[in-house]
Every structure is written in structure tokens, then in C-alpha cells.
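Shown here: my_file-v3.cif, mmCIF, C-alpha atoms, pLDDT in the B column; chains and numbers go by the auth columns.
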```
data_entry
loop_
_atom_site.group_PDB
_atom_site.id
_atom_site.type_symbol
_atom_site.label_atom_id
_atom_site.label_comp_id
_atom_site.label_asym_id
_atom_site.label_seq_id
_atom_site.Cartn_x
_atom_site.Cartn_y
_atom_site.Cartn_z
_atom_site.B_iso_or_equiv
_atom_site.auth_seq_id
_atom_site.auth_asym_id
ATOM 1 C CA MET A 1 112.401 96.766 115.032 37.00 1 A
ATOM 2 C CA VAL A 2 108.719 96.884 114.192 41.00 2 A
ATOM 3 C CA ALA A 3 106.233 95.804 116.887 43.00 3 A
ATOM 4 C CA THR A 4 104.527 92.492 116.131 48.00 4 A
ATOM 5 C CA PRO A 5 101.733 93.376 113.731 56.00 5 A
ATOM 6 C CA ALA A 6 98.220 91.984 114.018 85.00 6 A
ATOM 7 C CA ILE A 7 97.825 89.046 111.668 88.00 7 A
ATOM 8 C CA VAL A 8 94.645 90.562 110.212 91.00 8 A
ATOM 9 C CA ASN A 9 96.645 93.620 109.119 92.00 9 A
ATOM 10 C CA VAL A 10 99.237 91.370 107.489 92.00 10 A
ATOM 11 C CA PHE A 11 96.572 89.501 105.518 93.00 11 A
ATOM 12 C CA SER A 12 94.954 92.799 104.577 95.00 12 A
ATOM 13 C CA ALA A 13 98.278 94.177 103.325 95.00 13 A
ATOM 14 C CA LEU A 14 98.882 91.044 101.224 93.00 14 A
ATOM 15 C CA ALA A 15 95.342 90.986 99.766 94.00 15 A
ATOM 16 C CA ASP A 16 96.389 92.899 96.653 94.00 16 A
ATOM 17 C CA GLU A 17 98.119 91.726 93.446 93.00 17 A
ATOM 18 C CA THR A 18 100.480 94.725 93.265 95.00 18 A
ATOM 19 C CA ARG A 19 101.558 94.412 96.894 95.00 19 A
ATOM 20 C CA LEU A 20 102.123 90.660 96.459 91.00 20 A
ATOM 21 C CA ASP A 21 104.255 91.443 93.404 92.00 21 A
ATOM 22 C CA ILE A 22 106.269 93.980 95.430 94.00 22 A
ATOM 23 C CA VAL A 23 106.857 91.295 98.088 92.00 23 A
ATOM 24 C CA THR A 24 108.029 88.903 95.339 87.00 24 A
ATOM 25 C CA ARG A 25 110.546 91.477 94.078 91.00 25 A
ATOM 26 C CA LEU A 26 111.807 92.312 97.587 91.00 26 A
ATOM 27 C CA ALA A 27 112.361 88.598 98.251 85.00 27 A
ATOM 28 C CA GLU A 28 115.026 88.808 95.522 84.00 28 A
ATOM 29 C CA GLY A 29 116.693 91.812 97.132 87.00 29 A
ATOM 30 C CA ASP A 30 116.126 95.204 98.758 91.00 30 A
ATOM 31 C CA ALA A 31 114.981 97.962 96.392 94.00 31 A
ATOM 32 C CA THR A 32 114.157 101.651 96.539 95.00 32 A
ATOM 33 C CA LEU A 33 110.754 103.136 95.778 95.00 33 A
ATOM 34 C CA SER A 34 111.898 104.377 92.356 94.00 34 A
ATOM 35 C CA GLU A 35 113.432 100.992 91.505 95.00 35 A
ATOM 36 C CA LEU A 36 110.180 99.253 92.393 96.00 36 A
ATOM 37 C CA ALA A 37 108.016 101.838 90.620 97.00 37 A
ATOM 38 C CA GLU A 38 109.736 101.095 87.270 97.00 38 A
ATOM 39 C CA HIS A 39 107.854 97.785 87.138 96.00 39 A
ATOM 40 C CA TYR A 40 104.335 99.154 87.523 97.00 40 A
ATOM 41 C CA ASP A 41 102.089 101.095 85.206 96.00 41 A
ATOM 42 C CA MET A 42 101.108 103.526 87.954 96.00 42 A
ATOM 43 C CA SER A 43 102.407 106.746 89.510 96.00 43 A
ATOM 44 C CA ILE A 44 105.285 106.680 91.982 96.00 44 A
ATOM 45 C CA GLN A 45 102.805 108.071 94.522 96.00 45 A
ATOM 46 C CA ALA A 46 100.534 105.044 94.016 97.00 46 A
ATOM 47 C CA VAL A 47 103.476 102.643 94.514 97.00 47 A
ATOM 48 C CA SER A 48 104.519 104.647 97.589 96.00 48 A
ATOM 49 C CA LYS A 49 101.010 104.202 99.006 97.00 49 A
ATOM 50 C CA HIS A 50 101.220 100.433 98.493 98.00 50 A
ATOM 51 C CA LEU A 51 104.592 100.447 100.289 97.00 51 A
ATOM 52 C CA SER A 52 103.067 102.378 103.184 96.00 52 A
ATOM 53 C CA VAL A 53 100.350 99.723 103.562 96.00 53 A
ATOM 54 C CA LEU A 54 103.016 96.993 103.644 96.00 54 A
ATOM 55 C CA GLU A 55 105.110 99.052 106.089 95.00 55 A
ATOM 56 C CA ASP A 56 102.180 99.758 108.439 94.00 56 A
ATOM 57 C CA ALA A 57 101.437 96.012 108.548 93.00 57 A
ATOM 58 C CA GLY A 58 105.089 95.251 109.370 91.00 58 A
ATOM 59 C CA VAL A 59 105.682 93.333 106.118 92.00 59 A
ATOM 60 C CA VAL A 60 108.461 95.677 104.972 94.00 60 A
ATOM 61 C CA SER A 61 110.645 98.341 106.526 93.00 61 A
ATOM 62 C CA ARG A 62 112.462 101.308 105.038 90.00 62 A
ATOM 63 C CA ARG A 63 115.817 102.260 106.438 81.00 63 A
ATOM 64 C CA ARG A 64 117.458 105.566 105.794 77.00 64 A
ATOM 65 C CA GLU A 65 120.896 105.515 104.189 72.00 65 A
ATOM 66 C CA ALA A 66 123.042 108.385 102.877 73.00 66 A
ATOM 67 C CA GLN A 67 121.734 108.588 99.316 77.00 67 A
ATOM 68 C CA ARG A 68 118.939 106.021 99.145 81.00 68 A
ATOM 69 C CA ARG A 69 116.182 104.583 101.277 86.00 69 A
ATOM 70 C CA PRO A 70 115.902 100.890 100.421 92.00 70 A
ATOM 71 C CA VAL A 71 112.846 98.829 101.294 94.00 71 A
ATOM 72 C CA ARG A 72 113.347 95.373 102.753 91.00 72 A
ATOM 73 C CA LEU A 73 111.138 92.452 103.698 89.00 73 A
ATOM 74 C CA GLU A 74 110.690 91.855 107.426 88.00 74 A
ATOM 75 C CA ALA A 75 111.384 88.168 108.088 80.00 75 A
ATOM 76 C CA GLU A 76 109.493 88.313 111.429 82.00 76 A
ATOM 77 C CA VAL A 77 106.175 88.747 109.665 82.00 77 A
ATOM 78 C CA PHE A 78 106.629 85.432 107.858 81.00 78 A
ATOM 79 C CA ASP A 79 107.418 83.751 111.176 82.00 79 A
ATOM 80 C CA LEU A 80 104.193 85.207 112.575 81.00 80 A
ATOM 81 C CA MET A 81 102.173 83.863 109.632 83.00 81 A
ATOM 82 C CA THR A 82 103.825 80.458 109.855 84.00 82 A
ATOM 83 C CA LYS A 83 102.960 80.222 113.561 83.00 83 A
ATOM 84 C CA TRP A 84 99.386 81.270 112.844 81.00 84 A
ATOM 85 C CA ILE A 85 99.008 78.607 110.126 83.00 85 A
ATOM 86 C CA GLU A 86 100.702 75.861 112.163 82.00 86 A
ATOM 87 C CA ARG A 87 98.230 76.375 114.982 78.00 87 A
ATOM 88 C CA TYR A 88 95.314 75.531 112.663 75.00 88 A
ATOM 89 C CA ARG A 89 97.126 72.733 110.926 74.00 89 A
ATOM 90 C CA GLN A 90 97.910 71.024 114.250 76.00 90 A
ATOM 91 C CA ASN A 91 94.314 71.375 115.421 73.00 91 A
ATOM 92 C CA ALA A 92 93.026 69.977 112.140 69.00 92 A
ATOM 93 C CA GLU A 93 95.466 67.042 112.199 72.00 93 A
ATOM 94 C CA ALA A 94 94.564 66.183 115.792 76.00 94 A
ATOM 95 C CA ARG A 95 90.889 66.139 114.807 72.00 95 A
ATOM 96 C CA TYR A 96 91.497 63.884 111.792 70.00 96 A
ATOM 97 C CA GLN A 97 93.527 61.478 113.946 76.00 97 A
ATOM 98 C CA ARG A 98 90.672 61.230 116.465 76.00 98 A
ATOM 99 C CA LEU A 99 88.260 60.624 113.576 73.00 99 A
ATOM 100 C CA ASP A 100 90.520 57.898 112.132 78.00 100 A
ATOM 101 C CA GLN A 101 90.655 56.198 115.547 81.00 101 A
ATOM 102 C CA LEU A 102 86.885 56.362 115.849 78.00 102 A
ATOM 103 C CA LEU A 103 86.389 54.906 112.346 79.00 103 A
ATOM 104 C CA ALA A 104 88.907 52.144 113.112 83.00 104 A
ATOM 105 C CA GLN A 105 86.988 51.269 116.298 82.00 105 A
ATOM 106 C CA LEU A 106 83.687 51.192 114.387 79.00 106 A
ATOM 107 C CA ASP A 107 85.293 48.884 111.790 79.00 107 A
ATOM 108 C CA GLY A 108 86.538 46.637 114.586 75.00 108 A
ATOM 109 C CA THR A 109 90.058 46.899 113.171 60.00 109 A
ATOM 110 C CA ASP A 110 91.445 48.682 116.239 51.00 110 A
ATOM 111 C CA PRO A 111 93.619 46.261 118.271 50.00 111 A
ATOM 112 C CA MET B 1 87.509 69.213 96.078 37.00 1 B
ATOM 113 C CA VAL B 2 88.000 72.919 95.585 41.00 2 B
ATOM 114 C CA ALA B 3 90.407 74.059 92.852 43.00 3 B
ATOM 115 C CA THR B 4 93.622 75.608 94.199 47.00 4 B
ATOM 116 C CA PRO B 5 92.660 79.173 95.047 57.00 5 B
ATOM 117 C CA ALA B 6 94.810 82.171 94.182 85.00 6 B
ATOM 118 C CA ILE B 7 96.858 83.166 97.216 88.00 7 B
ATOM 119 C CA VAL B 8 95.684 86.777 96.881 91.00 8 B
ATOM 120 C CA ASN B 9 92.063 85.609 97.297 92.00 9 B
ATOM 121 C CA VAL B 10 93.061 83.650 100.401 92.00 10 B
ATOM 122 C CA PHE B 11 94.737 86.698 101.968 93.00 11 B
ATOM 123 C CA SER B 12 91.736 88.818 101.014 95.00 12 B
ATOM 124 C CA ALA B 13 89.337 86.342 102.643 95.00 13 B
ATOM 125 C CA LEU B 14 91.427 86.334 105.847 93.00 14 B
ATOM 126 C CA ALA B 15 91.763 90.131 105.987 94.00 15 B
ATOM 127 C CA ASP B 16 88.774 90.516 108.301 94.00 16 B
ATOM 128 C CA GLU B 17 88.465 90.044 112.082 93.00 17 B
ATOM 129 C CA THR B 18 85.121 88.191 111.880 95.00 18 B
ATOM 130 C CA ARG B 19 86.346 85.783 109.207 95.00 19 B
ATOM 131 C CA LEU B 20 89.542 85.124 111.194 91.00 20 B
ATOM 132 C CA ASP B 21 87.384 84.395 114.223 92.00 21 B
ATOM 133 C CA ILE B 22 85.256 81.971 112.164 94.00 22 B
ATOM 134 C CA VAL B 23 88.467 80.199 111.072 92.00 23 B
ATOM 135 C CA THR B 24 89.531 79.967 114.731 87.00 24 B
ATOM 136 C CA ARG B 25 86.207 78.354 115.660 91.00 25 B
ATOM 137 C CA LEU B 26 86.285 75.928 112.722 91.00 26 B
ATOM 138 C CA ALA B 27 89.801 74.843 113.719 85.00 27 B
ATOM 139 C CA GLU B 28 88.154 73.442 116.870 84.00 28 B
ATOM 140 C CA GLY B 29 85.538 71.534 114.876 87.00 29 B
ATOM 141 C CA ASP B 30 83.059 71.739 112.003 91.00 30 B
ATOM 142 C CA ALA B 31 80.014 73.920 112.649 94.00 31 B
ATOM 143 C CA THR B 32 76.824 74.929 110.858 95.00 32 B
ATOM 144 C CA LEU B 33 75.953 78.475 109.858 95.00 33 B
ATOM 145 C CA SER B 34 73.472 78.827 112.724 94.00 34 B
ATOM 146 C CA GLU B 35 75.978 77.450 115.261 95.00 35 B
ATOM 147 C CA LEU B 36 78.578 79.971 114.067 96.00 36 B
ATOM 148 C CA ALA B 37 76.091 82.854 113.929 97.00 37 B
ATOM 149 C CA GLU B 38 75.342 82.469 117.675 97.00 38 B
ATOM 150 C CA HIS B 39 78.748 83.981 118.425 96.00 39 B
ATOM 151 C CA TYR B 40 78.371 87.189 116.434 97.00 40 B
ATOM 152 C CA ASP B 41 76.323 90.301 116.976 96.00 41 B
ATOM 153 C CA MET B 42 75.165 90.375 113.361 96.00 42 B
ATOM 154 C CA SER B 43 72.403 88.863 111.225 96.00 43 B
ATOM 155 C CA ILE B 44 72.651 85.256 110.049 96.00 44 B
ATOM 156 C CA GLN B 45 72.733 86.686 106.510 96.00 45 B
ATOM 157 C CA ALA B 46 75.846 88.712 107.343 97.00 46 B
ATOM 158 C CA VAL B 47 77.573 85.624 108.769 97.00 47 B
ATOM 159 C CA SER B 48 76.494 83.649 105.689 97.00 48 B
ATOM 160 C CA LYS B 49 78.120 86.311 103.491 97.00 49 B
ATOM 161 C CA HIS B 50 81.393 85.996 105.431 98.00 50 B
ATOM 162 C CA LEU B 51 81.218 82.211 104.963 97.00 51 B
ATOM 163 C CA SER B 52 80.698 82.679 101.216 97.00 52 B
ATOM 164 C CA VAL B 53 83.848 84.818 101.013 96.00 53 B
ATOM 165 C CA LEU B 54 85.818 82.097 102.849 96.00 54 B
ATOM 166 C CA GLU B 55 84.249 79.410 100.622 95.00 55 B
ATOM 167 C CA ASP B 56 84.995 81.275 97.363 94.00 56 B
ATOM 168 C CA ALA B 57 88.640 81.616 98.439 93.00 57 B
ATOM 169 C CA GLY B 58 88.827 77.879 99.206 91.00 58 B
ATOM 170 C CA VAL B 59 89.418 78.406 102.940 92.00 59 B
ATOM 171 C CA VAL B 60 86.280 76.472 103.966 94.00 60 B
ATOM 172 C CA SER B 61 83.842 74.093 102.304 93.00 61 B
ATOM 173 C CA ARG B 62 80.232 73.218 103.087 90.00 62 B
ATOM 174 C CA ARG B 63 79.078 69.669 102.604 81.00 63 B
ATOM 175 C CA ARG B 64 75.450 68.671 102.438 77.00 64 B
ATOM 176 C CA GLU B 65 74.263 66.131 104.982 72.00 65 B
ATOM 177 C CA ALA B 66 70.745 64.886 105.751 72.00 66 B
ATOM 178 C CA GLN B 67 69.693 67.477 108.329 76.00 67 B
ATOM 179 C CA ARG B 68 72.599 69.907 108.529 81.00 68 B
ATOM 180 C CA ARG B 69 75.202 71.491 106.321 86.00 69 B
ATOM 181 C CA PRO B 70 78.391 71.787 108.350 92.00 70 B
ATOM 182 C CA VAL B 71 81.236 74.094 107.378 94.00 71 B
ATOM 183 C CA ARG B 72 84.786 72.792 107.594 91.00 72 B
ATOM 184 C CA LEU B 73 88.281 74.223 107.155 89.00 73 B
ATOM 185 C CA GLU B 74 90.115 73.164 103.998 88.00 74 B
ATOM 186 C CA ALA B 75 93.578 71.966 105.022 80.00 75 B
ATOM 187 C CA GLU B 76 94.914 72.463 101.467 82.00 76 B
ATOM 188 C CA VAL B 77 94.682 76.225 101.762 82.00 77 B
ATOM 189 C CA PHE B 78 97.051 76.205 104.737 81.00 78 B
ATOM 190 C CA ASP B 79 99.495 74.068 102.744 82.00 79 B
ATOM 191 C CA LEU B 80 99.301 76.636 99.938 81.00 80 B
ATOM 192 C CA MET B 81 100.019 79.491 102.348 83.00 81 B
ATOM 193 C CA THR B 82 102.872 77.611 103.977 84.00 82 B
ATOM 194 C CA LYS B 83 104.483 76.970 100.584 83.00 83 B
ATOM 195 C CA TRP B 84 104.070 80.626 99.663 81.00 84 B
ATOM 196 C CA ILE B 85 105.719 81.769 102.906 83.00 85 B
ATOM 197 C CA GLU B 86 108.535 79.216 102.735 82.00 86 B
ATOM 198 C CA ARG B 87 109.535 80.480 99.288 78.00 87 B
ATOM 199 C CA TYR B 88 110.162 83.971 100.691 75.00 88 B
ATOM 200 C CA ARG B 89 111.800 82.722 103.830 74.00 89 B
ATOM 201 C CA GLN B 90 114.279 80.610 101.866 76.00 90 B
ATOM 202 C CA ASN B 91 115.106 83.514 99.558 73.00 91 B
ATOM 203 C CA ALA B 92 115.598 85.817 102.527 69.00 92 B
ATOM 204 C CA GLU B 93 117.785 83.318 104.388 72.00 93 B
ATOM 205 C CA ALA B 94 119.956 82.712 101.321 76.00 94 B
ATOM 206 C CA ARG B 95 120.493 86.460 101.015 72.00 95 B
ATOM 207 C CA TYR B 96 121.425 86.879 104.673 70.00 96 B
ATOM 208 C CA GLN B 97 123.902 84.005 104.393 76.00 97 B
ATOM 209 C CA ARG B 98 125.574 85.657 101.381 76.00 98 B
ATOM 210 C CA LEU B 99 125.705 88.930 103.325 73.00 99 B
ATOM 211 C CA ASP B 100 127.264 87.182 106.341 78.00 100 B
ATOM 212 C CA GLN B 101 129.911 85.637 104.088 81.00 101 B
ATOM 213 C CA LEU B 102 130.654 89.006 102.537 78.00 102 B
ATOM 214 C CA LEU B 103 130.970 90.666 105.945 79.00 103 B
ATOM 215 C CA ALA B 104 133.235 87.847 107.162 83.00 104 B
ATOM 216 C CA GLN B 105 135.476 88.345 104.113 82.00 105 B
ATOM 217 C CA LEU B 106 135.616 92.102 104.716 79.00 106 B
ATOM 218 C CA ASP B 107 136.552 91.459 108.358 79.00 107 B
ATOM 219 C CA GLY B 108 139.288 89.067 107.218 75.00 108 B
ATOM 220 C CA THR B 109 137.843 86.390 109.504 59.00 109 B
ATOM 221 C CA ASP B 110 136.900 84.093 106.616 50.00 110 B
ATOM 222 C CA PRO B 111 139.316 81.117 106.495 50.00 111 B
#
```
I need this file expressed as C-alpha cells, please.
Amino acid sequence: MVATPAIVNVFSALADETRLDIVTRLAEGDATLSELAEHYDMSIQAVSKHLSVLEDAGVVSRRREAQRRPVRLEAEVFDLMTKWIERYRQNAEARYQRLDQLLAQLDGTDP
Amino acid sequence: MVATPAIVNVFSALADETRLDIVTRLAEGDATLSELAEHYDMSIQAVSKHLSVLEDAGVVSRRREAQRRPVRLEAEVFDLMTKWIERYRQNAEARYQRLDQLLAQLDGTDP
């Protein structure tokens, strides 16, 4: 279990086309470094570095098995992002509702 | 109306503590550049640059009014992020359900 990562680190880890593509592939199923590296025109070391950034941010984890070390998405990080977004959405909606009420009062249409 | 921004640009714009703090403040209400700049130990030009990054990514917009030019959060960008996250969450949940079924079958507890 990874400690809850800071949301800024999560955004930073996802602010890269290759890392977003890795996340897309892992959403379809766990994969090893070499399996992932097949899809990119870069060295296995470069892909490994991208994985480390995702791992440090808590977006993925690597578990050790007998012969392979598959990488998996960490569902908790998506929960964290959803909570972060919902907080702003709720604030924004509350503000728009107050504005609507104010406009309705100005129009004299408020009962 | 800002065109739908690429999700990677949104994550990139949010991958900074100051810009996240600006988003937090704007969730409470629209604010001008000078109102926002009061809260940061940096030049107004530096804050303006952060706002430009958020604006280019479609996270905020600036509308022109008579005397002031308030910055506001763009709700659409949070919808975009939510959709992006939900896609991965649904994939992940579907996979875990298939795994649970498989484990249940292996245990012989599946009816």
C-alpha cells in the first residue's frame, strides 16, 4: 500500500504523453516493463524512468512475482483525483446557484 | 468558449503548487490578477505567467469588464478530467470483477 500521494505529484506524473499512454495501456491490464517498452520508440531505460515517475507519484505499483514484475495501476490515485475535482465542482456549482438566485431576484421572477 | 484542451496540457498546468493554489482560490470566487498576486511572494509578472499557463490549458478564462478583468475557473475542464478518470476506473473495476469471478471458480464457491 502506497501512502496517499500529493495531488501535485500526481498531476506532474501525468503531464507527459508517454506516461499517459502507459496509463492507458495499464488500464487494459497489468504489464511488465519489457511488455510496455515494445510500444515505444525509446530505450527500455527511458521507459523504466517514466515508470519510476508514475510509481513515485503513486499512480502505479510494481509487485515482485517469481519470474516477472508486473506494473499495475493504483485505483486509489484516481479516487484522490476524483475527490479533488469534486471539491471544485461543488464550490463552482454553489456559486452559480447563488448567482442564479440573485439574477432571479433582480428580474423580479423570484417568488 | 475555450476549445476542449488536451488532458495532458491540463495535467501539466496543474503540476505546480502555486497554480494549484490559484485554482483553490478561484474555486471560492473570481479574482483579478492583482487580487491573486497579493497572496504570493513573487512579482505580479510571475503570477501573470502562471495564469497564462492555466489559461492556455483551458483551466481558467479571463473576461474583459469595464474596470477589471477577473479570472474564473472553467467548469468544462473538470468535466473533462472526470471523464478521463472514470474511463480508467471503469476499466479497472471490470478487471477486478473478472478476477473475483475467476478466484471464486477456482475456490469452487461459484454457484
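For the pair CA of Arg64 in chain B and CA of Leu36 in chain B, the interatomic distance is 16.5 Å.
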Original post:
If you apply the PyMOL selection byres ((chain B and resi 59) around 9) to this file, what residues do you get, as an NGL selection string?
Top reply: :B and (5 or 10 or 13-14 or 23 or 53-58 or 60-61 or 72-78)
**OP:** Check what the PyMOL selection byres ((chain B) within 12 of (chain A)) selects in the file above and give those residues as a ChimeraX atom specification.
**Re:** /B:6-30,57,59,72-96,98-99
Could those residues be written to a file, using C-alpha atoms, as a short mmCIF file (atom, residue, chain, number, x, y, z; two decimals), in the frame of the given file?
```
data_model
loop_
_atom_site.label_atom_id
_atom_site.label_comp_id
_atom_site.auth_asym_id
_atom_site.auth_seq_id
_atom_site.Cartn_x
_atom_site.Cartn_y
_atom_site.Cartn_z
CA ALA B 6 94.81 82.17 94.18
CA ILE B 7 96.86 83.17 97.22
CA VAL B 8 95.68 86.78 96.88
CA ASN B 9 92.06 85.61 97.30
CA VAL B 10 93.06 83.65 100.40
CA PHE B 11 94.74 86.70 101.97
CA SER B 12 91.74 88.82 101.01
CA ALA B 13 89.34 86.34 102.64
CA LEU B 14 91.43 86.33 105.85
CA ALA B 15 91.76 90.13 105.99
CA ASP B 16 88.77 90.52 108.30
CA GLU B 17 88.46 90.04 112.08
CA THR B 18 85.12 88.19 111.88
CA ARG B 19 86.35 85.78 109.21
CA LEU B 20 89.54 85.12 111.19
CA ASP B 21 87.38 84.40 114.22
CA ILE B 22 85.26 81.97 112.16
CA VAL B 23 88.47 80.20 111.07
CA THR B 24 89.53 79.97 114.73
CA ARG B 25 86.21 78.35 115.66
CA LEU B 26 86.28 75.93 112.72
CA ALA B 27 89.80 74.84 113.72
CA GLU B 28 88.15 73.44 116.87
CA GLY B 29 85.54 71.53 114.88
CA ASP B 30 83.06 71.74 112.00
CA ALA B 57 88.64 81.62 98.44
CA VAL B 59 89.42 78.41 102.94
CA ARG B 72 84.79 72.79 107.59
CA LEU B 73 88.28 74.22 107.16
CA GLU B 74 90.12 73.16 104.00
CA ALA B 75 93.58 71.97 105.02
CA GLU B 76 94.91 72.46 101.47
CA VAL B 77 94.68 76.22 101.76
CA PHE B 78 97.05 76.20 104.74
CA ASP B 79 99.50 74.07 102.74
CA LEU B 80 99.30 76.64 99.94
CA MET B 81 100.02 79.49 102.35
CA THR B 82 102.87 77.61 103.98
CA LYS B 83 104.48 76.97 100.58
CA TRP B 84 104.07 80.63 99.66
CA ILE B 85 105.72 81.77 102.91
CA GLU B 86 108.54 79.22 102.74
CA ARG B 87 109.54 80.48 99.29
CA TYR B 88 110.16 83.97 100.69
CA ARG B 89 111.80 82.72 103.83
CA GLN B 90 114.28 80.61 101.87
CA ASN B 91 115.11 83.51 99.56
CA ALA B 92 115.60 85.82 102.53
CA GLU B 93 117.78 83.32 104.39
CA ALA B 94 119.96 82.71 101.32
CA ARG B 95 120.49 86.46 101.02
CA TYR B 96 121.42 86.88 104.67
CA ARG B 98 125.57 85.66 101.38
CA LEU B 99 125.70 88.93 103.32
#
```
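When CA of Leu33 in chain B is paired with CA of Ala66 in chain B, their separation reads 15.1 Å.
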Original post:
Can you tell me how far CA of Gln67 in chain B sits from CA of Gln105 in chain A, in Å to one decimal?
Top reply: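 Separating CA of Gln67 in chain B from CA of Gln105 in chain A is a distance of 25.0 Å.
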With all atoms listed in the file as the counted atoms, please give the residues lying no more than 6 Å from Thr32 in chain A, apart from itself and same-chain residues fewer than 2 positions off, as a PDB file with C-alpha atoms, keeping the file's coordinate frame.
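As written to disk, out.pdb reads:
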```
ATOM      1  CA  SER A  34     111.898 104.377  92.356  1.00 94.00           C
ATOM      2  CA  GLU A  35     113.432 100.992  91.505  1.00 95.00           C
ATOM      3  CA  ARG A  69     116.182 104.583 101.277  1.00 86.00           C
ATOM      4  CA  PRO A  70     115.902 100.890 100.421  1.00 92.00           C
ATOM      5  CA  VAL A  71     112.846  98.829 101.294  1.00 94.00           C
TER       6      VAL A  71
END
```
Would you compute an axis-aligned box for range 11-27 of chain B, covering every atom listed for it in the file with 6 Å of margin on each side, and report centre and edge lengths in Å to one decimal as lines of an AutoDock Vina configuration file?
```
center_x = 89.9
center_y = 82.7
center_z = 108.3
size_x = 21.6
size_y = 27.7
size_z = 26.6
```
